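Undergrad: protein-v4.cif is reproduced below (mmCIF, C-alpha atoms).
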```cif
data_query
#
loop_
_atom_site.label_atom_id
_atom_site.label_comp_id
_atom_site.auth_asym_id
_atom_site.auth_seq_id
_atom_site.Cartn_x
_atom_site.Cartn_y
_atom_site.Cartn_z
CA MET A 253 -27.75 -21.01 40.87
CA ARG A 254 -25.19 -23.76 40.36
CA MET A 255 -25.48 -23.32 36.59
CA LEU A 256 -25.13 -19.54 36.90
CA SER A 257 -22.09 -19.91 39.15
CA ALA A 258 -20.53 -22.37 36.73
CA ALA A 259 -21.16 -20.02 33.79
CA LEU A 260 -19.60 -17.08 35.65
CA ALA A 261 -16.62 -19.20 36.63
CA LEU A 262 -16.15 -20.31 33.01
CA ALA A 263 -16.38 -16.72 31.74
CA ALA A 264 -13.82 -15.60 34.31
CA ALA A 265 -11.49 -18.44 33.33
CA ILE A 266 -11.76 -17.56 29.66
CA GLY A 267 -11.07 -13.91 30.45
CA LEU A 268 -7.99 -14.79 32.52
CA SER A 269 -6.79 -17.14 29.77
CA ALA A 270 -7.13 -14.43 27.12
CA THR A 271 -5.29 -11.95 29.33
CA ALA A 272 -2.50 -14.42 29.98
CA THR A 273 -2.23 -15.18 26.26
CA ALA A 274 -1.96 -11.49 25.42
CA GLN A 275 0.67 -10.96 28.13
CA ASP A 276 2.79 -13.86 26.85
CA TYR A 277 2.41 -12.92 23.19
CA PRO A 278 4.32 -13.68 21.07
CA THR A 279 5.69 -17.11 21.87
CA ARG A 280 6.41 -18.15 18.27
CA PRO A 281 7.17 -16.52 14.90
CA ILE A 282 4.62 -14.18 13.35
CA THR A 283 3.72 -14.35 9.66
CA MET A 284 3.40 -10.99 7.92
CA VAL A 285 1.51 -11.55 4.67
CA VAL A 286 2.37 -9.23 1.79
CA PRO A 287 -0.29 -9.64 -0.92
CA PHE A 288 2.15 -8.99 -3.76
CA ALA A 289 5.21 -10.62 -5.29
CA ALA A 290 8.62 -10.51 -3.62
CA GLY A 291 10.85 -7.65 -4.67
CA GLY A 292 8.07 -5.13 -5.28
CA PRO A 293 7.59 -1.79 -3.51
CA THR A 294 5.24 -3.09 -0.80
CA ASP A 295 7.49 -6.08 -0.17
CA THR A 296 10.44 -3.72 0.33
CA VAL A 297 8.52 -1.72 2.95
CA ALA A 298 7.36 -4.89 4.71
CA ARG A 299 10.81 -6.42 5.02
CA LEU A 300 12.31 -3.26 6.50
CA VAL A 301 9.56 -2.99 9.11
CA ALA A 302 9.45 -6.73 9.85
CA GLU A 303 13.16 -6.87 10.62
CA SER A 304 12.89 -4.12 13.23
CA MET A 305 9.62 -5.41 14.72
CA SER A 306 11.23 -8.83 15.19
CA LYS A 307 13.80 -7.35 17.56
CA THR A 308 11.17 -5.61 19.66
CA LEU A 309 8.77 -8.55 19.84
CA GLY A 310 11.46 -11.13 20.55
CA GLN A 311 10.14 -13.40 17.80
CA GLN A 312 10.82 -13.47 14.10
CA VAL A 313 8.32 -11.63 11.90
CA VAL A 314 8.46 -13.68 8.70
CA VAL A 315 7.32 -12.05 5.47
CA GLU A 316 5.20 -14.32 3.28
CA ASN A 317 4.33 -13.20 -0.24
CA VAL A 318 0.83 -14.24 -1.27
CA GLY A 319 0.27 -12.52 -4.61
CA GLY A 320 -2.66 -12.62 -6.99
CA ALA A 321 -5.97 -10.90 -7.68
CA GLY A 322 -4.63 -7.39 -7.10
CA GLY A 323 -3.75 -8.09 -3.49
CA THR A 324 -7.12 -9.53 -2.52
CA ARG A 325 -5.90 -13.13 -2.30
CA GLY A 326 -3.39 -12.39 0.43
CA ALA A 327 -5.73 -10.01 2.26
CA GLY A 328 -8.49 -12.60 2.16
CA GLN A 329 -6.16 -15.19 3.65
CA VAL A 330 -5.45 -12.94 6.63
CA ALA A 331 -9.13 -12.04 7.05
CA LYS A 332 -9.87 -15.75 7.55
CA ALA A 333 -6.87 -16.45 9.81
CA ALA A 334 -7.13 -17.12 13.54
CA PRO A 335 -7.35 -13.82 15.47
CA ASP A 336 -4.35 -14.63 17.65
CA GLY A 337 -1.79 -12.15 16.34
CA TYR A 338 0.32 -14.75 14.54
CA THR A 339 -0.92 -13.88 11.05
CA ILE A 340 -0.92 -10.21 10.09
CA LEU A 341 -1.15 -8.26 6.84
CA LEU A 342 0.88 -5.41 5.42
CA HIS A 343 -1.10 -3.89 2.56
CA HIS A 344 -1.10 -0.63 0.66
CA ILE A 345 -3.84 1.70 -0.61
CA GLY A 346 -5.42 -1.28 -2.37
CA GLN A 347 -6.92 -2.31 0.97
CA ALA A 348 -9.33 0.61 0.58
CA THR A 349 -9.83 0.66 -3.18
CA ALA A 350 -10.68 -3.05 -3.32
CA ALA A 351 -14.00 -2.27 -1.63
CA THR A 352 -15.22 -0.64 -4.86
CA LEU A 353 -12.97 -2.23 -7.47
CA TYR A 354 -13.97 -5.86 -6.88
CA ARG A 355 -17.53 -7.04 -7.44
CA LYS A 356 -17.14 -10.26 -5.43
CA LEU A 357 -14.70 -9.36 -2.69
CA PRO A 358 -14.67 -12.23 -0.13
CA TYR A 359 -14.09 -9.89 2.80
CA ASN A 360 -14.98 -6.38 3.95
CA PRO A 361 -11.88 -4.13 4.20
CA ALA A 362 -13.63 -1.84 6.69
CA THR A 363 -14.95 -4.46 9.12
CA ASP A 364 -13.01 -7.74 8.74
CA PHE A 365 -9.70 -6.50 10.14
CA GLU A 366 -8.26 -4.84 13.22
CA ALA A 367 -6.19 -1.84 12.14
CA VAL A 368 -2.73 -1.91 13.75
CA GLY A 369 -1.24 1.31 12.38
CA LEU A 370 -0.14 3.19 9.28
CA VAL A 371 3.47 2.69 8.19
CA THR A 372 4.39 5.07 5.40
CA ALA A 373 2.85 7.00 2.53
CA VAL A 374 5.02 6.48 -0.53
CA PRO A 375 4.98 9.20 -3.21
CA MET A 376 4.56 8.19 -6.83
CA THR A 377 6.26 9.47 -9.97
CA MET A 378 4.95 9.87 -13.49
CA ILE A 379 7.63 8.43 -15.75
CA ALA A 380 8.08 7.63 -19.43
CA LYS A 381 10.23 5.53 -21.71
CA PRO A 382 13.65 7.10 -22.40
CA GLY A 383 12.80 8.30 -25.91
CA PHE A 384 9.35 9.72 -25.19
CA ALA A 385 9.13 13.08 -26.98
CA PRO A 386 7.53 15.46 -24.43
CA LYS A 387 10.06 17.22 -22.19
CA THR A 388 7.72 18.30 -19.37
CA MET A 389 4.56 17.03 -17.70
CA ALA A 390 2.54 19.81 -19.31
CA GLU A 391 3.87 18.82 -22.74
CA ALA A 392 3.12 15.17 -21.95
CA VAL A 393 -0.51 16.00 -21.16
CA ASP A 394 -0.89 17.85 -24.47
CA TYR A 395 0.79 14.99 -26.30
CA VAL A 396 -1.49 12.37 -24.72
CA LYS A 397 -4.60 14.38 -25.61
CA ALA A 398 -3.45 14.68 -29.22
CA ASN A 399 -2.36 11.04 -29.55
CA LYS A 400 -4.65 9.18 -27.15
CA ASP A 401 -5.08 6.21 -29.49
CA LYS A 402 -1.32 5.73 -29.83
CA VAL A 403 -0.04 6.35 -26.29
CA THR A 404 0.25 3.30 -24.07
CA TYR A 405 0.15 3.33 -20.28
CA GLY A 406 1.52 0.34 -18.37
CA ASN A 407 0.47 -0.81 -14.92
CA ALA A 408 1.12 -3.71 -12.57
CA GLY A 409 -2.40 -5.10 -12.91
CA VAL A 410 -5.93 -4.29 -11.79
CA GLY A 411 -5.96 -2.77 -8.32
CA SER A 412 -2.24 -2.02 -8.27
CA ALA A 413 -0.95 1.39 -7.23
CA SER A 414 0.15 2.10 -10.81
CA HIS A 415 -3.35 1.22 -12.03
CA LEU A 416 -4.97 3.60 -9.53
CA CYS A 417 -2.61 6.45 -10.39
CA GLY A 418 -3.31 5.91 -14.08
CA MET A 419 -7.08 6.07 -13.53
CA LEU A 420 -6.70 9.31 -11.60
CA PHE A 421 -4.42 10.77 -14.29
CA MET A 422 -6.79 9.93 -17.13
CA SER A 423 -9.72 11.27 -15.11
CA SER A 424 -7.82 14.51 -14.42
CA ILE A 425 -6.97 15.19 -18.07
CA GLY A 426 -10.28 13.88 -19.43
CA THR A 427 -8.54 11.52 -21.84
CA GLN A 428 -8.28 7.75 -21.98
CA MET A 429 -5.07 6.00 -23.04
CA THR A 430 -4.50 2.43 -24.15
CA THR A 431 -3.82 0.60 -20.89
CA VAL A 432 -1.45 -2.35 -20.79
CA PRO A 433 -1.77 -4.43 -17.59
CA TYR A 434 1.12 -6.59 -16.42
CA GLN A 435 1.46 -9.24 -13.74
CA GLY A 436 3.52 -7.11 -11.41
CA THR A 437 5.63 -3.97 -11.33
CA GLY A 438 8.82 -5.66 -12.53
CA PRO A 439 7.59 -6.68 -15.99
CA ALA A 440 5.91 -3.30 -16.51
CA MET A 441 9.11 -1.44 -15.61
CA ASN A 442 11.18 -3.70 -17.87
CA ASP A 443 8.97 -2.88 -20.84
CA LEU A 444 9.02 0.84 -20.04
CA VAL A 445 12.83 0.87 -19.90
CA GLY A 446 12.87 -1.14 -23.11
CA GLY A 447 10.51 1.28 -24.86
CA GLN A 448 7.61 -1.14 -25.37
CA ILE A 449 5.20 1.14 -23.48
CA ASP A 450 5.14 4.93 -23.18
CA LEU A 451 4.08 5.92 -19.67
CA MET A 452 3.76 4.59 -16.17
CA CYS A 453 3.11 5.97 -12.70
CA ASP A 454 4.65 4.05 -9.82
CA GLN A 455 5.97 4.33 -6.28
CA THR A 456 9.32 6.00 -5.59
CA THR A 457 10.39 2.78 -3.87
CA ASN A 458 10.41 1.28 -7.36
CA THR A 459 11.29 4.24 -9.58
CA THR A 460 13.96 6.25 -7.74
CA GLY A 461 16.83 3.99 -8.81
CA GLN A 462 15.63 3.93 -12.42
CA ILE A 463 15.29 7.71 -12.49
CA LYS A 464 18.70 8.37 -10.94
CA GLY A 465 20.23 5.81 -13.28
CA GLY A 466 18.81 7.61 -16.32
CA LYS A 467 16.89 4.54 -17.46
CA VAL A 468 13.53 6.35 -17.60
CA LYS A 469 12.32 9.91 -18.17
CA ALA A 470 10.77 11.44 -15.04
CA TYR A 471 8.11 14.17 -15.21
CA ALA A 472 6.64 14.80 -11.78
CA VAL A 473 5.85 13.50 -8.31
CA THR A 474 2.26 12.94 -7.23
CA THR A 475 2.43 14.54 -3.77
CA LYS A 476 1.89 18.18 -2.78
CA SER A 477 5.50 18.53 -1.67
CA HIS A 478 8.75 17.75 -3.43
CA VAL A 479 10.47 14.45 -2.65
CA LYS A 480 13.84 14.78 -0.91
CA SER A 481 15.44 11.98 -2.90
CA LEU A 482 14.27 13.56 -6.20
CA PRO A 483 14.48 17.31 -5.45
CA ASP A 484 14.46 18.46 -9.07
CA LEU A 485 11.12 16.87 -9.93
CA PRO A 486 8.11 19.24 -9.85
CA THR A 487 4.79 18.15 -8.42
CA MET A 488 1.83 17.28 -10.63
CA GLN A 489 0.05 20.37 -9.32
CA GLU A 490 3.00 22.58 -10.26
CA SER A 491 2.79 20.98 -13.69
CA GLY A 492 -0.78 22.19 -14.17
CA LEU A 493 -2.83 19.27 -12.83
CA LYS A 494 -4.79 20.97 -10.08
CA ASP A 495 -5.68 18.86 -7.02
CA PHE A 496 -3.78 15.84 -8.38
CA GLU A 497 -2.44 14.08 -5.31
CA VAL A 498 -1.93 10.42 -4.55
CA ALA A 499 0.43 8.61 -2.21
CA VAL A 500 0.55 4.88 -1.68
CA TRP A 501 0.02 4.52 2.03
CA HIS A 502 0.77 1.24 3.77
CA GLY A 503 -0.74 -0.18 6.93
CA ILE A 504 -0.63 -3.29 9.09
CA TYR A 505 -3.75 -5.32 9.92
CA ALA A 506 -4.72 -8.26 12.10
CA PRO A 507 -7.82 -10.46 11.66
CA LYS A 508 -11.05 -9.18 13.18
CA GLY A 509 -11.36 -10.20 16.82
CA THR A 510 -7.65 -10.09 17.63
CA PRO A 511 -7.43 -9.02 21.31
CA LYS A 512 -6.75 -5.33 21.85
CA ALA A 513 -3.73 -6.15 24.02
CA ILE A 514 -2.13 -8.00 21.10
CA VAL A 515 -2.99 -5.22 18.64
CA ASP A 516 -1.41 -2.74 21.06
CA LYS A 517 1.78 -4.83 21.28
CA LEU A 518 2.01 -4.95 17.50
CA ASN A 519 1.40 -1.21 17.31
CA ALA A 520 4.11 -0.54 19.91
CA ALA A 521 6.59 -2.66 17.93
CA LEU A 522 5.63 -0.80 14.75
CA ASP A 523 6.20 2.51 16.52
CA VAL A 524 9.70 1.40 17.51
CA ALA A 525 10.40 0.34 13.92
CA LEU A 526 9.30 3.69 12.53
CA ASN A 527 11.67 5.45 14.95
CA ASP A 528 14.54 3.14 13.99
CA PRO A 529 17.34 5.20 12.35
CA LYS A 530 18.09 2.32 9.98
CA VAL A 531 14.47 2.18 8.78
CA ILE A 532 14.25 5.97 8.49
CA ALA A 533 17.46 6.12 6.43
CA ARG A 534 16.40 3.31 4.13
CA PHE A 535 12.97 4.87 3.64
CA ALA A 536 14.71 8.13 2.70
CA ASP A 537 16.77 6.32 0.06
CA LEU A 538 13.49 5.07 -1.39
CA GLY A 539 11.89 8.50 -1.47
CA THR A 540 9.59 8.14 1.51
CA GLU A 541 9.50 8.49 5.30
CA PRO A 542 7.62 6.96 8.25
CA GLU A 543 4.11 8.17 8.97
CA PRO A 544 4.02 10.86 11.69
CA LYS A 545 3.37 9.72 15.25
CA ASP A 546 -0.22 11.02 15.27
CA ARG A 547 -1.12 8.85 12.25
CA ARG A 548 0.21 5.56 13.62
CA SER A 549 -2.50 4.65 16.13
CA PRO A 550 -5.01 1.85 15.45
CA ALA A 551 -7.91 4.30 15.88
CA PHE A 552 -6.54 6.76 13.32
CA HIS A 553 -5.73 3.93 10.92
CA LYS A 554 -9.27 2.51 11.14
CA ASP A 555 -10.92 5.87 10.41
CA PHE A 556 -8.41 6.57 7.64
CA VAL A 557 -9.30 3.37 5.75
CA ILE A 558 -13.01 4.24 5.87
CA ALA A 559 -12.25 7.75 4.54
CA GLU A 560 -10.07 6.35 1.74
CA ILE A 561 -12.80 3.94 0.66
CA ALA A 562 -15.12 6.94 0.29
CA LYS A 563 -12.45 8.99 -1.54
CA TRP A 564 -11.68 6.41 -4.23
CA LYS A 565 -15.22 5.15 -4.82
CA PRO A 566 -16.25 7.91 -7.27
CA VAL A 567 -12.90 7.73 -9.12
CA ILE A 568 -13.24 3.98 -9.71
CA GLN A 569 -16.94 4.18 -10.55
CA GLY A 570 -16.28 7.06 -12.93
CA ALA A 571 -13.65 5.04 -14.76
CA GLY A 572 -16.05 2.10 -15.00
CA VAL A 573 -13.30 -0.35 -14.13
CA TYR A 574 -14.26 -3.40 -12.10
CA ALA A 575 -12.79 -6.82 -11.44
CA ASP A 576 -14.48 -10.08 -10.52
#
```
Produce structure tokens that represent the structure in this file.

TA:
Amino acid sequence: MRMLSAALALAAAIGLSATATAQDYPTRPITMVVPFAAGGPTDTVARLVAESMSKTLGQQVVVENVGGAGGTRGAGQVAKAAPDGYTILLHHIGQATAATLYRKLPYNPATDFEAVGLVTAVPMTMIAKPGFAPKTMAEAVDYVKANKDKVTYGNAGVGSASHLCGMLFMSSIGTQMTTVPYQGTGPAMNDLVGGQIDLMCDQTTNTTGQIKGGKVKAYAVTTKSHVKSLPDLPTMQESGLKDFEVAVWHGIYAPKGTPKAIVDKLNAALDVALNDPKVIARFADLGTEPEPKDRRSPAFHKDFVIAEIAKWKPVIQGAGVYAD
């Protein structure tokens, strides 16, 4: 009986301690890991959200860039972090595609994280070097099919958003191009602007300025609807590619086992950030907008990741592209 009483007392103490910790959270800065290099599209989204969340939480949310291995290095670091809410992850669609793309993934994207909430779904644009001959997306498809051994497609590396869009594009038109992987979006964009590669598909957060500045040729957006910041661009579906749709959604994660009360506090701060006029305006400049209220909950986010893993699995397997 004494042992039972002691065990119950210990359990109660632990429960009260956890509750107190969650109520006090946060008492020090929070690290938001971005699994890509600074200055890229995902980094831009993270810094906008982190700045607003810092004000709500009363502690600085510090963005830390942990690039490498298509985003899996940074994600793996968060998966192994203490589940106390002080290390979180902001990742894009690669959080779901990594489940199929990597043969030896050191974590399970569906079970090793607590979903905090979706942030934004960034449209993508199919763009080309300035002197690329085709004038429209339909003409570009015909040109690629006729010159598949000559056309080069650049991407930011295995598992990147530009890589995924390229796989979907080649699958949709039934034609493979010569793929040129880079170590990041910046070098790929530099070579596209310079004419060293022919085509690329990347997020509007990275391409809008280049398009408006006339540095690249833009063909279409990859979402069902037109993009407000690029109103003259048709959609891929309007250009003849039926059912072609891809947006680079971003979400925030905490390590598995993070207390629900802490996850809820992070979600509440995210909700405030996505209602922040400054964030909304800056997102609009980048060709995107915050996720709707009904898509921001941890429960929706968790189910969404599982559905996205299932969606991309056949595309990746069909392309036969894997990474160690």

Undergrad: Would you compute, for all listed atoms of region 562-575 of chain A, the axis-aligned bounding box grown by 3 Å on each side, and then report its centre and edge lengths in Å rounded to one decimal, as JSON?

TA:
```
{"center_x": -14.3, "center_y": 1.1, "center_z": -7.4, "size_x": 11.3, "size_y": 21.8, "size_z": 21.3}
```

Undergrad: May I ask which of the residues A:Ala571, A:Val531, A:Ala321, A:Val498 is the closest one to Met429 (chain A), counting all atoms listed in the file?

TA: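 Among the listed residues, A:Ala571 lies closest to Met429 (chain A).
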
Undergrad: Figure out the distance between CA of Val297 (chain A) and CA of Lys332 (chain A), please, to one decimal in Å.

TA: 23.6 Å

Undergrad: Fewer than 5 positions away in the same chain doesn't count, so skip those; otherwise give me all residues within 10 Å of Ser423 (chain A), counting only C-alpha atoms, as a list in words.

TA: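 Non-adjacent residues within range: Cys417, Gly418, Gln428, Val567, Ile568, Gly570 and Ala571 of chain A.
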
Undergrad: Applied to this file, what does the PyMOL selection byres ((chain A and resi 484) around 12) return in terms of residues, put as a list in words?

TA: Ile463, Lys464, Ala470, Tyr471, Ala472, Val473, Ser477, His478, Val479, Lys480, Ser481, Leu482, Pro483, Leu485, Pro486 and Thr487 of chain A

Undergrad: Just want the 10 Å neighbourhood of Lys508 (chain A), counted on all atoms listed in the file, with same-chain residues fewer than 2 positions away dropped. Output as JSON, numbers by chain.

TA: {"A": [330, 331, 332, 333, 334, 335, 336, 363, 364, 365, 366, 367, 505, 506, 510, 511]}

Undergrad: I'd like to see the residues matched by the PyMOL selection byres ((chain A and resi 347) around 9) on this file, and ideally I'd get them as a ChimeraX atom specification.

TA: /A:323-324,327,343-346,348-351,361-362,502-503,557,561

Undergrad: Looking at only C-alpha atoms, which of A:Phe421, A:Ser304, A:Lys387, A:Ile340 is the one that sits closest to Ile532 (chain A)?

TA: A:Ser304

Undergrad: Which residue gives the smallest distance to Arg547 (chain A) among A:Thr372, A:Asn527, A:Thr294, A:Thr283, with only C-alpha atoms counted?

TA: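 Of all the options, A:Thr372 lies closest to Arg547 (chain A).
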
Undergrad: Would you mind reading off the distance between CA of Asp537 (chain A) and CA of Leu444 (chain A), one decimal, in Å?

TA: 22.2 Å

Undergrad: I'd like the contact shell of Ala298 (chain A) - 9 Å cut-off, only C-alpha atoms, skipping same-chain residues fewer than 2 positions apart - returned as JSON, numbers by chain.

TA: {"A": [284, 285, 286, 293, 294, 295, 296, 300, 301, 302, 303, 315, 342, 343]}

Undergrad: Using only C-alpha atoms, which of A:Val371, A:Asn442, A:Thr388, A:Gln312 sits nearest Gly406 (chain A)?

TA: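 Of all the options, A:Asn442 lies closest to Gly406 (chain A).
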
Undergrad: Excluding Val396 (chain A) and its own-chain neighbours fewer than 6 positions away, which residues fall within 12 Å of it when counting only C-alpha atoms? Please give them as a PDB file with C-alpha atoms, in the coordinates of the input.

TA:
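Contents of out.pdb, freshly written:
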```
ATOM      1  CA  ALA A 380       8.080   7.630 -19.430  1.00  0.00           C
ATOM      2  CA  PHE A 384       9.350   9.720 -25.190  1.00  0.00           C
ATOM      3  CA  ALA A 385       9.130  13.080 -26.980  1.00  0.00           C
ATOM      4  CA  PRO A 386       7.530  15.460 -24.430  1.00  0.00           C
ATOM      5  CA  MET A 389       4.560  17.030 -17.700  1.00  0.00           C
ATOM      6  CA  ALA A 390       2.540  19.810 -19.310  1.00  0.00           C
ATOM      7  CA  LYS A 402      -1.320   5.730 -29.830  1.00  0.00           C
ATOM      8  CA  VAL A 403      -0.040   6.350 -26.290  1.00  0.00           C
ATOM      9  CA  THR A 404       0.250   3.300 -24.070  1.00  0.00           C
ATOM     10  CA  TYR A 405       0.150   3.330 -20.280  1.00  0.00           C
ATOM     11  CA  PHE A 421      -4.420  10.770 -14.290  1.00  0.00           C
ATOM     12  CA  MET A 422      -6.790   9.930 -17.130  1.00  0.00           C
ATOM     13  CA  ILE A 425      -6.970  15.190 -18.070  1.00  0.00           C
ATOM     14  CA  GLY A 426     -10.280  13.880 -19.430  1.00  0.00           C
ATOM     15  CA  THR A 427      -8.540  11.520 -21.840  1.00  0.00           C
ATOM     16  CA  GLN A 428      -8.280   7.750 -21.980  1.00  0.00           C
ATOM     17  CA  MET A 429      -5.070   6.000 -23.040  1.00  0.00           C
ATOM     18  CA  THR A 430      -4.500   2.430 -24.150  1.00  0.00           C
ATOM     19  CA  ASP A 450       5.140   4.930 -23.180  1.00  0.00           C
ATOM     20  CA  LEU A 451       4.080   5.920 -19.670  1.00  0.00           C
TER      21      LEU A 451
END
```

Undergrad: Using Å and a single decimal, report how far CA of Thr457 (chain A) sits from CA of Arg534 (chain A).

TA: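 Computing it gives 10.0 Å between the two atoms.
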
Undergrad: So, with all atoms listed in the file as the atoms that count, which of A:Asp546, A:Glu560, A:Glu391, A:Asp555 lies closest to Ser491 (chain A)?

TA: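 Under the stated criterion, the closest residue is A:Glu391.
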
Undergrad: Determine the residue membership of the PyMOL selection byres ((chain A and resi 358) around 9) for the file above and supply it as a list in words.

TA: Thr324, Gly328, Lys356, Leu357, Tyr359 and Asn360 of chain A

Undergrad: Smallest atom-to-atom distance to Asp454 (chain A): which of A:Arg325, A:Leu493, A:Ala392, A:Met378, using all atoms listed in the file?

TA: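 Under the stated criterion, the closest residue is A:Met378.
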
Undergrad: Could I get region 320-345 of chain A rebuilt with N, CA and C atoms, written as a PDB file, in the frame of the given file?

TA:
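Output below, filename part_30.pdb:
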```
ATOM      1  N   GLY A 320      -1.495 -12.219  -6.198  1.00  0.00           N
ATOM      2  CA  GLY A 320      -2.660 -12.620  -6.990  1.00  0.00           C
ATOM      3  C   GLY A 320      -3.881 -11.786  -6.711  1.00  0.00           C
ATOM      4  N   ALA A 321      -4.688 -11.601  -7.761  1.00  0.00           N
ATOM      5  CA  ALA A 321      -5.970 -10.900  -7.680  1.00  0.00           C
ATOM      6  C   ALA A 321      -5.833  -9.495  -7.092  1.00  0.00           C
ATOM      7  N   GLY A 322      -4.788  -8.781  -7.513  1.00  0.00           N
ATOM      8  CA  GLY A 322      -4.630  -7.390  -7.100  1.00  0.00           C
ATOM      9  C   GLY A 322      -4.464  -7.194  -5.607  1.00  0.00           C
ATOM     10  N   GLY A 323      -3.947  -8.197  -4.927  1.00  0.00           N
ATOM     11  CA  GLY A 323      -3.750  -8.090  -3.490  1.00  0.00           C
ATOM     12  C   GLY A 323      -4.853  -8.681  -2.652  1.00  0.00           C
ATOM     13  N   THR A 324      -5.966  -9.045  -3.289  1.00  0.00           N
ATOM     14  CA  THR A 324      -7.120  -9.530  -2.520  1.00  0.00           C
ATOM     15  C   THR A 324      -6.948 -10.979  -2.052  1.00  0.00           C
ATOM     16  N   ARG A 325      -6.120 -11.744  -2.730  1.00  0.00           N
ATOM     17  CA  ARG A 325      -5.900 -13.130  -2.300  1.00  0.00           C
ATOM     18  C   ARG A 325      -5.200 -13.174  -0.949  1.00  0.00           C
ATOM     19  N   GLY A 326      -4.119 -12.421  -0.824  1.00  0.00           N
ATOM     20  CA  GLY A 326      -3.390 -12.390   0.430  1.00  0.00           C
ATOM     21  C   GLY A 326      -4.194 -11.764   1.552  1.00  0.00           C
ATOM     22  N   ALA A 327      -4.895 -10.667   1.246  1.00  0.00           N
ATOM     23  CA  ALA A 327      -5.730 -10.010   2.260  1.00  0.00           C
ATOM     24  C   ALA A 327      -6.832 -10.930   2.732  1.00  0.00           C
ATOM     25  N   GLY A 328      -7.434 -11.666   1.799  1.00  0.00           N
ATOM     26  CA  GLY A 328      -8.490 -12.600   2.160  1.00  0.00           C
ATOM     27  C   GLY A 328      -7.987 -13.723   3.047  1.00  0.00           C
ATOM     28  N   GLN A 329      -6.754 -14.144   2.817  1.00  0.00           N
ATOM     29  CA  GLN A 329      -6.160 -15.190   3.650  1.00  0.00           C
ATOM     30  C   GLN A 329      -6.011 -14.727   5.092  1.00  0.00           C
ATOM     31  N   VAL A 330      -5.597 -13.472   5.268  1.00  0.00           N
ATOM     32  CA  VAL A 330      -5.450 -12.940   6.630  1.00  0.00           C
ATOM     33  C   VAL A 330      -6.809 -12.715   7.279  1.00  0.00           C
ATOM     34  N   ALA A 331      -7.788 -12.268   6.508  1.00  0.00           N
ATOM     35  CA  ALA A 331      -9.130 -12.040   7.050  1.00  0.00           C
ATOM     36  C   ALA A 331      -9.714 -13.314   7.651  1.00  0.00           C
ATOM     37  N   LYS A 332      -9.342 -14.473   7.083  1.00  0.00           N
ATOM     38  CA  LYS A 332      -9.870 -15.750   7.550  1.00  0.00           C
ATOM     39  C   LYS A 332      -8.977 -16.435   8.583  1.00  0.00           C
ATOM     40  N   ALA A 333      -7.823 -15.836   8.889  1.00  0.00           N
ATOM     41  CA  ALA A 333      -6.870 -16.450   9.810  1.00  0.00           C
ATOM     42  C   ALA A 333      -7.359 -16.351  11.262  1.00  0.00           C
ATOM     43  N   ALA A 334      -6.785 -17.169  12.115  1.00  0.00           N
ATOM     44  CA  ALA A 334      -7.130 -17.120  13.540  1.00  0.00           C
ATOM     45  C   ALA A 334      -6.746 -15.763  14.114  1.00  0.00           C
ATOM     46  N   PRO A 335      -7.628 -15.157  14.909  1.00  0.00           N
ATOM     47  CA  PRO A 335      -7.350 -13.820  15.470  1.00  0.00           C
ATOM     48  C   PRO A 335      -6.453 -13.882  16.707  1.00  0.00           C
ATOM     49  N   ASP A 336      -5.262 -14.436  16.517  1.00  0.00           N
ATOM     50  CA  ASP A 336      -4.350 -14.630  17.650  1.00  0.00           C
ATOM     51  C   ASP A 336      -3.061 -13.820  17.535  1.00  0.00           C
ATOM     52  N   GLY A 337      -2.960 -12.997  16.498  1.00  0.00           N
ATOM     53  CA  GLY A 337      -1.790 -12.150  16.340  1.00  0.00           C
ATOM     54  C   GLY A 337      -0.623 -12.808  15.625  1.00  0.00           C
ATOM     55  N   TYR A 338      -0.788 -14.058  15.183  1.00  0.00           N
ATOM     56  CA  TYR A 338       0.320 -14.750  14.540  1.00  0.00           C
ATOM     57  C   TYR A 338       0.250 -14.706  13.010  1.00  0.00           C
ATOM     58  N   THR A 339      -0.821 -14.138  12.486  1.00  0.00           N
ATOM     59  CA  THR A 339      -0.920 -13.880  11.050  1.00  0.00           C
ATOM     60  C   THR A 339      -1.412 -12.449  10.885  1.00  0.00           C
ATOM     61  N   ILE A 340      -0.566 -11.614  10.293  1.00  0.00           N
ATOM     62  CA  ILE A 340      -0.920 -10.210  10.090  1.00  0.00           C
ATOM     63  C   ILE A 340      -0.706  -9.843   8.626  1.00  0.00           C
ATOM     64  N   LEU A 341      -1.192  -8.699   8.242  1.00  0.00           N
ATOM     65  CA  LEU A 341      -1.150  -8.260   6.840  1.00  0.00           C
ATOM     66  C   LEU A 341      -0.491  -6.897   6.746  1.00  0.00           C
ATOM     67  N   LEU A 342       0.402  -6.749   5.774  1.00  0.00           N
ATOM     68  CA  LEU A 342       0.880  -5.410   5.420  1.00  0.00           C
ATOM     69  C   LEU A 342       0.420  -5.154   3.989  1.00  0.00           C
ATOM     70  N   HIS A 343      -0.472  -4.178   3.853  1.00  0.00           N
ATOM     71  CA  HIS A 343      -1.100  -3.890   2.560  1.00  0.00           C
ATOM     72  C   HIS A 343      -0.991  -2.392   2.282  1.00  0.00           C
ATOM     73  N   HIS A 344      -1.149  -2.053   1.006  1.00  0.00           N
ATOM     74  CA  HIS A 344      -1.100  -0.630   0.660  1.00  0.00           C
ATOM     75  C   HIS A 344      -2.502  -0.077   0.412  1.00  0.00           C
ATOM     76  N   ILE A 345      -2.589   0.999  -0.336  1.00  0.00           N
ATOM     77  CA  ILE A 345      -3.840   1.700  -0.610  1.00  0.00           C
ATOM     78  C   ILE A 345      -4.912   0.778  -1.194  1.00  0.00           C
TER      79      ILE A 345
END
```
